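First the structure, in the form of structure tokens, and then the observations on it.
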Amino acid sequence: MSGAALGLEIVFVFFLALFLLHRYGDFKKQHRLVIIATLLAWYLCFLIVFILPLDVSTTIYNRCKLAVNSSPAESNGSYVTLAPSSKQKCFKPWSYIPDGIMPIFWRVVYWTSQFLTWILLPFMQSYARSGGFSITGKIKTALIENAIYYGTYLLIFGAFLIYVAVNPNFNLQWNQLQTIGIAAANTWGLFLLVLLLGYGLVEIPRSHWNGAKRGYLLMKTYFKAAKLMTEKADAEENLEDIMEEVRKVSESIKYNHPLRKCVDTILKKCPTEYQERMGRNMDDYEDFDERQNSYPSEKSLAKLHKQVIYSVQRHRRTQVQWQILLEQAFYLEDVAKNESSATRQFVHTFHSQEPENKIIQYFYTPTVEWYWECLLRPWFYRVLAVVLATFSVIVVWSECTFFSTKPVLSLFAVFIQLAEKTYNYIYIEMACFLTIFFLSICVYSTVFRIRVFNYYYLASHHQTDAYSLLFSGMLFCRLTPPLCLNFLGLTHMDATISHKNTQPTAYTSIMGSMRVLSFIADGFYIYYPMLVVILCIATYFSLGTRCLNLLGFQQFMGDSEMTSDLIDEGKELIRREKRKRQRQEEGENRRREWKERYGNREDSTRSRAVHTDQKESSFSETNANRPLSKYTRSNGRTERDRIELLQDAEPLDFNADSVNDDPLESDSGRYQPGGRYLSMSRSKIFDDV
């Protein structure tokens with residue numbers, strides 16, 4: 001079992017990252033390189049979170065071995081160990097990882113994630129957002145956009161190297177320069193980490209507590225519907241404007257123009273209905289060189305291409321989100337209606353459009369659904385909110401007291417040290433995993449929730465664009481290393497915090513000693529996390545939401561007049577869509593009943609018609625070998641039958657002068673070319689009106 005735990009977690013984390021990416025990304029439409037880069041970034045970050053508890057348990061076991069093999073208070077290399085009593089034995093954990101594996105593993109994972117977040121992913125962001133028509137053009141655009149980004153970092157690093165080389169007081173080696181670079185990256189990540197953590201520690205328990213309030217959820221859904229309808233209308237209007245520009249460009253640039261290939265590329269990105277309208281104008285063979293019209297340049301076409309990609313993606317996303325929000329609103333209204341049901345069976349207003357799983361349908365009956373939705377679920381959410389709030393309080397307390405080693409005030413450090421005395425590795429790994437998992441949920445959920453206008457937005461149901469996916473990968477790679485260091489500080493597994501000269505974890509050894517920059521190790525890393533208290537208070541009183549509301553960005557606030565107006569508007573929109581869907585279902589039910597009632601008659605009529613056609617075809621084949629006179633006579637009779645059928649279908653003309661107007665009543669008994677139908681008479685066609 002030495003490496004089995006590591007292998008199992010590596011495989012499990014890969015499928016977890018793949019599942020989440022499939023939920024937010026679109027494997028069929030998005031570029032493969034975007035999918036691979038985002039998957040790799042998410043996978044490495046999740047892997048660090050899941051593997052770090054194994055590193056902690058392995059480090060505790062290694063410390064025990066050093067203590068057993070050395071005398072009391074004996075110096076073992078650079079570490080001082082205290083030997084346990086003679087009765088104390090070191091038990092190898094079930095998830096023990098052999099020596100030498102973890103340092104290599106952390107080195108590969110860390111530097112790969114840093115390469116992704118600082119070099120590759122920013123470049124791929126510009127590449128994916130570029131409107132170029134070739135790989136070379138997209139690469140050129142990406143390099144130009146990232147020139148300032150990369151140049152700023154190179155300028156800062158170069159100025160620092162010059163300062164170190166000129167100042168004789170500094171004698172830095174390569175390892176120390178590497179540690180300074182790691183410290184700079186972790187400082188930036190810790191600055192953002194505390195902001196996101198302060199929001200998540202309050203918002204996650206509060207969202208689960210409000211999830212037990214059906215009225216609150218329904219009002220918030222109405223509010224979202226009103227905002228989403230505005231965004232949906234804006235997206236449709238923007239798409240219409242962009243398609244109008246594409247139409248003008250497509251009409252001006254003819255088939256023989258050198259830029260026609262670029263126009264065709266733009267047309268392929270347009271929705272199908274717009275492609276059918278615009279066409280390709282292939283009927284005009286006029287040479288473009290002889291005309292004096294001004295044509296758009298390739299640069300303007302690239303800009304138009306970029307706008308088309310953005311507008312189509314936004315339009316499709318708002319359409320899907322509107323349908324999802326409608327289903328959510330209908331379901332919440334059904335829950336409100338079924339709460340007072342005497343039969344205790346959940347009744348849906350509309351049937352699910354997607355086919356349900358038979359196994360789930362067998363166990364999740366209407367009775368079970370009623371008990372879960374109307375009775376058990378609110379209480380479950382309340383209990384879960386209380387548990388999460390307790391974890392949040394423990395995290396806030398530990399963030400403010402983890403620097404105290406005598407006495408140990410951090411509760412997470414107390415739990416780990418108590419388990420370390422008995423070498424209960426399962427408890428150690430579970431405590432470490434729950435702690436870092438809760439911290440990760442608070443930080444990562446905030447990354448999934450935040451929205452920077454339409455610049456960055458993670459939308460579920462495969463509606464996230466490539467730029468937002470890559471940006472989320474950048475954030476994860478920058479937030480995960482300082483998150484893990486913060487966790488090791490909370491548990492006093494970091495020698496920089498515990499001030500003990502003991503064997504560090506393999507993850508800490510890769511980060512290097514922060515003593516190179518004492519003002520960061522002894523100042524920023526210790527006192528800056530205390531700001532999480534202020535951020536939690538600001539989140540609890542919704543100060544950020546109130547500020548955004550004052551700036552004109554409508555946010556859901558119960559005591560706001562604008563919120564009440566949007567709730568009423570959203571309620572009316574949901575009611576309108578509900579009536580529309582009810583009419584559609586009623587029409588489908590009527591058609592289904594008509595088909596069930598008269599379907600057999602229609603089938604018998606069709607079979608008779610087919611039988612008659614077969615007889616007529618055989619009869620015509622038989623007459624094909626007869627003389628021409630007989631064939632002509634037969635043809636005239638067939639024409640007479642057709643005319644009789646048509647005449648029966650037409651309305652009768654009661655104002656006719658005589659019955660002889662009917663061409664079929666002629667003496668010859670054949671159809672005369674000069675005959676006409678009574679209903680088509682021009683002189684008396686409106687007499688009966």
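For the structure tokens, the naming scheme is as follows: chains receive sequential letters (A, B, ...) according to their order of presentation, residues are indexed from 1 within each chain, and ligands are indexed from 1 in presentation order.
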task = Could you tell me, as an MDAnalysis selection string, which residues of segment 394-549 of chain A DSSP assigns to strand (DSSP E or B) when given the backbone?
result = chainID A and resid 451:452 456:457
Enumerate, in order of chain and increasing residue number, the residues of segment 198-294 of chain A with an atom no farther than 9 Å from segment 326-332 of chain A, each with its shortest atom pair and distance in Å to one decimal, counting only C-alpha atoms, as a Markdown table.
```
| residue | atom | partner | partner_atom | distance |
| --- | --- | --- | --- | --- |
| A:Arg214 | CA | A:Leu332 | CA | 7.3 |
| A:Gly215 | CA | A:Leu332 | CA | 8.8 |
| A:Leu217 | CA | A:Leu332 | CA | 7.8 |
| A:Leu218 | CA | A:Leu332 | CA | 6.2 |
| A:Thr221 | CA | A:Ala329 | CA | 6.2 |
| A:Tyr222 | CA | A:Ala329 | CA | 7.5 |
| A:Ala225 | CA | A:Leu326 | CA | 8.0 |
```
key: Non-local contacts of segment 109-122 of chain A (6 Å; only C-alpha atoms; under 2 positions in same chain excluded) as a ChimeraX atom specification   = /A:106-107,124-125,474,477
task = With a distance cut-off of 9 Å and only C-alpha atoms, select the neighbouring residues of Leu470 of chain A, excluding the residue or stretch itself and same-chain residues fewer than 2 positions from it, and output the selection as a list in words.
result =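 The neighbour list is Val34, Ile35, Ala37, Thr38, Ala41, Leu121, Pro122, Met124, Gln125, Asp465, Ala466, Tyr467, Ser468, Ser472, Gly473, Met474 and Leu475 of chain A.
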Top pick for closest residue to Gln307 of chain A, considering A:Thr405, A:Ser130, A:Gln361, A:Thr179 and counting only C-alpha atoms = A:Ser130
message = Residues of segment 57-239 of chain A classed as alpha helix (DSSP H) by DSSP on the backbone are to be reported as a ChimeraX atom specification.
response = /A:57-69,101-115,121-129,135-166,174-211,214-239
Show me, as CSV, the residues of segment 307-418 of chain A having an atom within 10 Å of segment 481-503 of chain A, each with the closest atom pair and its distance in Å, using only C-alpha atoms.
```
residue,atom,partner,partner_atom,distance
A:Val395,CA,A:Leu490,CA,8.6
A:Ser398,CA,A:Leu490,CA,6.3
A:Glu399,CA,A:Leu490,CA,6.9
A:Cys400,CA,A:Leu490,CA,9.6
A:Thr401,CA,A:Leu490,CA,8.6
A:Phe402,CA,A:Leu490,CA,5.4
A:Phe403,CA,A:Ile497,CA,6.0
A:Ser404,CA,A:Ser498,CA,8.2
A:Thr405,CA,A:Ser498,CA,6.1
A:Lys406,CA,A:Ser498,CA,9.5
A:Val408,CA,A:His492,CA,9.1
A:Leu409,CA,A:Leu490,CA,9.8
A:Ser410,CA,A:Leu490,CA,6.4
A:Leu411,CA,A:Thr491,CA,8.1
A:Phe412,CA,A:Thr491,CA,5.2
A:Ala413,CA,A:Thr491,CA,3.9
A:Val414,CA,A:Thr491,CA,7.6
A:Phe415,CA,A:Thr491,CA,8.2
A:Ile416,CA,A:Thr491,CA,6.6
A:Gln417,CA,A:Thr491,CA,8.3
```
query = atom CA of Val49 of chain A and atom CA of Leu388 of chain A are how many Å apart?
reply =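 Atom-to-atom, atom CA of Val49 of chain A and atom CA of Leu388 of chain A are spaced 19.1 Å apart.
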ask   = Which of these residues is nearest to Glu373 of chain A, using only C-alpha atoms: A:Tyr274, A:His315, A:Lys213, A:Asn62?
value = A:Lys213
message = Just the number, please: distance in Å from atom CA of Tyr127 of chain A to atom CA of Ile139 of chain A, one decimal.
response =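 Atom CA of Tyr127 of chain A sits 6.2 Å away from atom CA of Ile139 of chain A.
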ask   = Neighbours of Gln319 of chain A within 12 Å (only C-alpha atoms; same-chain residues fewer than 4 positions away dropped), as a ChimeraX atom specification?
value = /A:225,228-236,312-315,323-326,461,463
Close residues, Ile266 of chain A itself excluded, 9 Å, only C-alpha atoms, min 5 positions apart in chain, as number ranges by chain = A: 246, 261, 301-302, 304-305, 308-309
inquiry  = What's around Phe191 of chain A at 10 Å? Count only C-alpha atoms, leave out sequence neighbours fewer than 3 positions away in its own chain, and write the answer as a list in words.
reply    =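 After dropping sequence-adjacent residues, the list is Asn186, Thr187, Trp188, Val194, Leu195, Leu196, Leu479, Pro482, Phe524, Tyr525, Tyr528 and Pro529 of chain A.
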task = Measuring atom to atom with only C-alpha atoms, identify which of A:Ile426, A:Ala5, A:Leu21, A:Met102 is nearest to Thr508 of chain A.
result =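 Distance minimum relative to Thr508 of chain A lands on A:Met102.
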task = Quick one: pull the distance between atom CA of Leu33 of chain A and atom CA of Leu20 of chain A, Å, one decimal.
result =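 Computing it gives 17.1 Å between the two atoms.
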ask   = With only C-alpha atoms as the atoms that count, which of A:Ala226, A:Cys442, A:Leu155, A:Ala538 lies nearest to Met562 of chain A?
value =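 Closest to Met562 of chain A of all the choices is A:Ala226.
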task = Compare A:Lys299, A:Lys268, A:Arg316, A:Lys28 by their minimum atom-to-atom distance to Ala459 of chain A, counting only C-alpha atoms, and give me the closest one.
result =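 Among the listed residues, A:Arg316 lies closest to Ala459 of chain A.
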message = I'd like to know which of A:Ala212, A:Ala184, A:Ile36, A:Cys64 is closest to Val383 of chain A, using only C-alpha atoms.
response =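 Of A:Ala212, A:Ala184, A:Ile36, A:Cys64, the one nearest Val383 of chain A, counting only C-alpha atoms, is A:Ala212.
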